[in-house]
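Below is one structure, written out as structure tokens; comments come after it.
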Amino acid sequence: MALAAARDLLIEAGPQAVTLKAVASRIGRTHANLLHHFGSASGLQKALAEYLGAKVCGIIGEAVLKSRTGEGSVRDIVDLTFDAFDKGGAGALSSWMLLTGNEDALDPIVDAIHELVDDLAIGGHEDREMHEDTLTLVLMALGDALMGDRLCGSLELPRHTARDLAEKHLEQALARWQAEHESV
């Protein structure tokens, strides 16, 4: 309950609103209850990052598998990733953690992405191309969440331009993957 409430606060009001007191109030508990469970505001934020990472990576993993079989599209993967960092608050949470010096709170998100890539890669951790494609997609989604709207406006580009570029990149990667695995 606490993590769902923290996620809702993150989306509604930004990362600065995710405090032990605010989450406790939202779920009808005391600050002391949450302090006992999470240890600190930093512990809550790290747990939130782990919660978001697991939830988002699970959804994206399903979309990747569907795209490989033709049931889903590359755009589904792109939109899910970009939405996780933008509307889902992962971009704001990441920047907040970096700005407040709580960088280790990002470890669960990074670890969840790494685990997902290794699980999806045919060669496991040795699938360097999949790691590079994931890096490209995640950094594009993070950058877009943090400053995409303003940058697109400044450059007089449509707001969806970064998503379109990410989609092209992943389509090429999927075609390459399919060509390599047809003969397997």
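To be explicit about the labels: the chains of the structure tokens are called A, B, and onward in the order shown, and within each one the residues are counted from 1, while ligands get numbers from 1 in the order they are shown.
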Output as JSON lines one row per residue of region 29-143 of chain A within 9 Å of region 160-172 of chain A: the closest atom pair and its distance in Å to one decimal place, counting only C-alpha atoms, sorted by chain and residue number ascending.
{"residue": "A:Ser73", "atom": "CA", "partner": "A:Glu171", "partner_atom": "CA", "distance": 8.9}
{"residue": "A:Val74", "atom": "CA", "partner": "A:Glu167", "partner_atom": "CA", "distance": 6.2}
{"residue": "A:Arg75", "atom": "CA", "partner": "A:Glu167", "partner_atom": "CA", "distance": 5.7}
{"residue": "A:Ile77", "atom": "CA", "partner": "A:Glu167", "partner_atom": "CA", "distance": 8.4}
{"residue": "A:Val78", "atom": "CA", "partner": "A:Glu167", "partner_atom": "CA", "distance": 6.2}
{"residue": "A:Asp79", "atom": "CA", "partner": "A:Arg163", "partner_atom": "CA", "distance": 7.2}
{"residue": "A:Phe82", "atom": "CA", "partner": "A:Arg163", "partner_atom": "CA", "distance": 7.5}
{"residue": "A:Asp133", "atom": "CA", "partner": "A:Leu170", "partner_atom": "CA", "distance": 7.1}
{"residue": "A:Thr136", "atom": "CA", "partner": "A:Ala166", "partner_atom": "CA", "distance": 7.9}
{"residue": "A:Leu137", "atom": "CA", "partner": "A:Ala166", "partner_atom": "CA", "distance": 6.2}
{"residue": "A:Met140", "atom": "CA", "partner": "A:Ala162", "partner_atom": "CA", "distance": 7.0}
{"residue": "A:Ala141", "atom": "CA", "partner": "A:Arg163", "partner_atom": "CA", "distance": 7.9}
If we count only C-alpha atoms, what is near region 54-70 of chain A at a cut-off of 8 Å, once residues fewer than 2 positions away on the same chain are taken out, given as a PDB file with C-alpha atoms, in the first residue's frame?
ATOM      1  CA  GLU A  50      12.603  -1.000  -6.797  1.00  0.00           C
ATOM      2  CA  TYR A  51       8.804  -1.132  -7.037  1.00  0.00           C
ATOM      3  CA  LEU A  52       8.745   1.015 -10.178  1.00  0.00           C
ATOM      4  CA  GLY A  72       3.070  -6.384 -30.535  1.00  0.00           C
ATOM      5  CA  SER A  73       4.959  -3.518 -32.067  1.00  0.00           C
ATOM      6  CA  VAL A  74       8.243  -1.799 -31.453  1.00  0.00           C
ATOM      7  CA  ASP A  76       4.594  -0.367 -27.874  1.00  0.00           C
ATOM      8  CA  ILE A  77       8.038  -0.864 -26.313  1.00  0.00           C
ATOM      9  CA  LEU A  80       5.905   2.037 -22.500  1.00  0.00           C
ATOM     10  CA  THR A  81       9.508   3.064 -21.824  1.00  0.00           C
ATOM     11  CA  ALA A  84       7.496   5.095 -17.541  1.00  0.00           C
ATOM     12  CA  ILE A 109      15.960   0.568 -11.349  1.00  0.00           C
ATOM     13  CA  ALA A 112      15.880  -4.329 -12.881  1.00  0.00           C
ATOM     14  CA  ILE A 113      16.763  -3.087 -16.365  1.00  0.00           C
ATOM     15  CA  LEU A 116      15.401  -7.761 -17.889  1.00  0.00           C
ATOM     16  CA  LEU A 120      15.449 -11.346 -22.852  1.00  0.00           C
ATOM     17  CA  LEU A 174      14.528  -6.056 -34.064  1.00  0.00           C
ATOM     18  CA  GLN A 178      15.134 -11.615 -36.291  1.00  0.00           C
TER      19      GLN A 178
END
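Residues within 7 Å of region 12-28 of chain A, counting only C-alpha atoms and excluding same-chain residues fewer than 6 positions away, are Met1, Ala2, Ala5, Ala6, Leu34, Leu35, Ala41, Ala92, Leu93 and Trp96 of chain A.
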So that I can check the secondary structure, give me every residue of region 36-171 of chain A assigned alpha helix (DSSP H) by backbone DSSP, as a tab-separated table (two decimals) with C-alpha atoms, in the first residue's frame.
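Written file, result-v9.tsv:
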chain	number	residue	atom	x	y	z
A	36	HIS	CA	9.98	1.51	11.18
A	37	HIS	CA	9.36	-0.27	7.87
A	38	PHE	CA	11.61	1.76	5.53
A	41	ALA	CA	12.96	8.73	3.58
A	42	SER	CA	15.91	7.44	1.58
A	43	GLY	CA	14.79	3.87	2.29
A	44	LEU	CA	11.29	4.71	1.08
A	45	GLN	CA	12.67	6.23	-2.10
A	46	LYS	CA	14.87	3.20	-2.75
A	47	ALA	CA	11.90	0.88	-2.19
A	48	LEU	CA	9.85	3.03	-4.57
A	49	ALA	CA	12.57	2.79	-7.21
A	50	GLU	CA	12.60	-1.00	-6.80
A	51	TYR	CA	8.80	-1.13	-7.04
A	52	LEU	CA	8.74	1.01	-10.18
A	53	GLY	CA	11.65	-0.85	-11.77
A	54	ALA	CA	10.06	-4.26	-11.27
A	55	LYS	CA	6.62	-3.15	-12.42
A	56	VAL	CA	7.80	-1.30	-15.52
A	57	CYS	CA	10.36	-3.92	-16.55
A	58	GLY	CA	7.73	-6.64	-16.31
A	59	ILE	CA	5.40	-4.76	-18.64
A	60	ILE	CA	8.19	-3.86	-21.07
A	61	GLY	CA	9.50	-7.44	-21.05
A	62	GLU	CA	6.07	-8.70	-22.14
A	63	ALA	CA	5.98	-6.09	-24.91
A	64	VAL	CA	9.42	-7.15	-26.17
A	65	LEU	CA	8.38	-10.80	-26.33
A	66	LYS	CA	5.18	-9.85	-28.19
A	67	SER	CA	7.12	-7.75	-30.70
A	68	ARG	CA	9.40	-10.68	-31.46
A	69	THR	CA	6.42	-12.83	-32.40
A	74	VAL	CA	8.24	-1.80	-31.45
A	75	ARG	CA	6.25	1.37	-30.84
A	76	ASP	CA	4.59	-0.37	-27.87
A	77	ILE	CA	8.04	-0.86	-26.31
A	78	VAL	CA	9.03	2.73	-27.01
A	79	ASP	CA	5.79	4.18	-25.64
A	80	LEU	CA	5.91	2.04	-22.50
A	81	THR	CA	9.51	3.06	-21.82
A	82	PHE	CA	8.98	6.76	-22.52
A	83	ASP	CA	5.75	6.79	-20.48
A	84	ALA	CA	7.50	5.09	-17.54
A	85	PHE	CA	10.05	7.89	-17.40
A	90	ALA	CA	10.79	7.48	-13.16
A	91	GLY	CA	12.58	10.42	-14.84
A	92	ALA	CA	11.62	12.84	-12.10
A	93	LEU	CA	12.50	10.32	-9.40
A	94	SER	CA	15.89	9.65	-11.02
A	95	SER	CA	16.79	13.31	-11.27
A	96	TRP	CA	15.61	13.95	-7.70
A	97	MET	CA	17.74	11.08	-6.37
A	98	LEU	CA	20.79	12.42	-8.19
A	99	LEU	CA	20.20	15.99	-7.03
A	107	ASP	CA	20.34	0.91	-8.09
A	108	PRO	CA	17.06	-1.05	-8.07
A	109	ILE	CA	15.96	0.57	-11.35
A	110	VAL	CA	19.33	-0.04	-12.98
A	111	ASP	CA	19.42	-3.60	-11.64
A	112	ALA	CA	15.88	-4.33	-12.88
A	113	ILE	CA	16.76	-3.09	-16.36
A	114	HIS	CA	19.96	-5.16	-16.39
A	115	GLU	CA	18.12	-8.29	-15.26
A	116	LEU	CA	15.40	-7.76	-17.89
A	117	VAL	CA	17.95	-7.39	-20.67
A	118	ASP	CA	19.85	-10.48	-19.58
A	119	ASP	CA	16.58	-12.45	-19.39
A	120	LEU	CA	15.45	-11.35	-22.85
A	128	ARG	CA	26.13	-6.68	-26.30
A	129	GLU	CA	23.85	-5.30	-29.02
A	130	MET	CA	20.79	-5.70	-26.84
A	131	HIS	CA	22.60	-3.92	-24.01
A	132	GLU	CA	23.48	-1.05	-26.35
A	133	ASP	CA	19.94	-0.84	-27.74
A	134	THR	CA	18.57	-0.74	-24.19
A	135	LEU	CA	21.01	1.98	-23.18
A	136	THR	CA	19.96	4.06	-26.16
A	137	LEU	CA	16.25	3.63	-25.46
A	138	VAL	CA	16.49	4.33	-21.72
A	139	LEU	CA	18.69	7.41	-22.14
A	140	MET	CA	16.40	8.76	-24.85
A	141	ALA	CA	13.34	8.19	-22.64
A	142	LEU	CA	15.02	9.77	-19.61
A	143	GLY	CA	16.22	12.79	-21.57
A	144	ASP	CA	12.83	13.21	-23.19
A	145	ALA	CA	11.09	13.08	-19.80
A	146	LEU	CA	13.40	15.71	-18.35
A	147	MET	CA	13.59	18.22	-21.19
A	148	GLY	CA	11.95	16.83	-24.32
A	149	ASP	CA	9.01	19.20	-24.32
A	150	ARG	CA	11.12	22.34	-24.02
A	151	LEU	CA	13.81	21.13	-26.43
A	152	CYS	CA	11.31	20.09	-29.10
A	153	GLY	CA	9.65	23.48	-28.74
A	154	SER	CA	12.97	25.28	-29.05
A	155	LEU	CA	13.98	23.23	-32.10
A	161	THR	CA	10.16	13.21	-32.45
A	162	ALA	CA	12.30	11.43	-29.84
A	163	ARG	CA	9.81	8.55	-29.72
A	164	ASP	CA	9.87	8.33	-33.50
A	165	LEU	CA	13.67	8.20	-33.52
A	166	ALA	CA	13.71	5.55	-30.79
A	167	GLU	CA	11.17	3.51	-32.75
A	168	LYS	CA	13.33	3.61	-35.90
A	169	HIS	CA	16.36	2.52	-33.91
A	170	LEU	CA	14.51	-0.38	-32.28
A	171	GLU	CA	12.92	-1.47	-35.56
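With only C-alpha atoms as the atoms that count, the residue of A:Asp104, A:Leu3, A:Trp177, A:Ile11 with the shortest distance to Gly89 (chain A) is A:Ile11.
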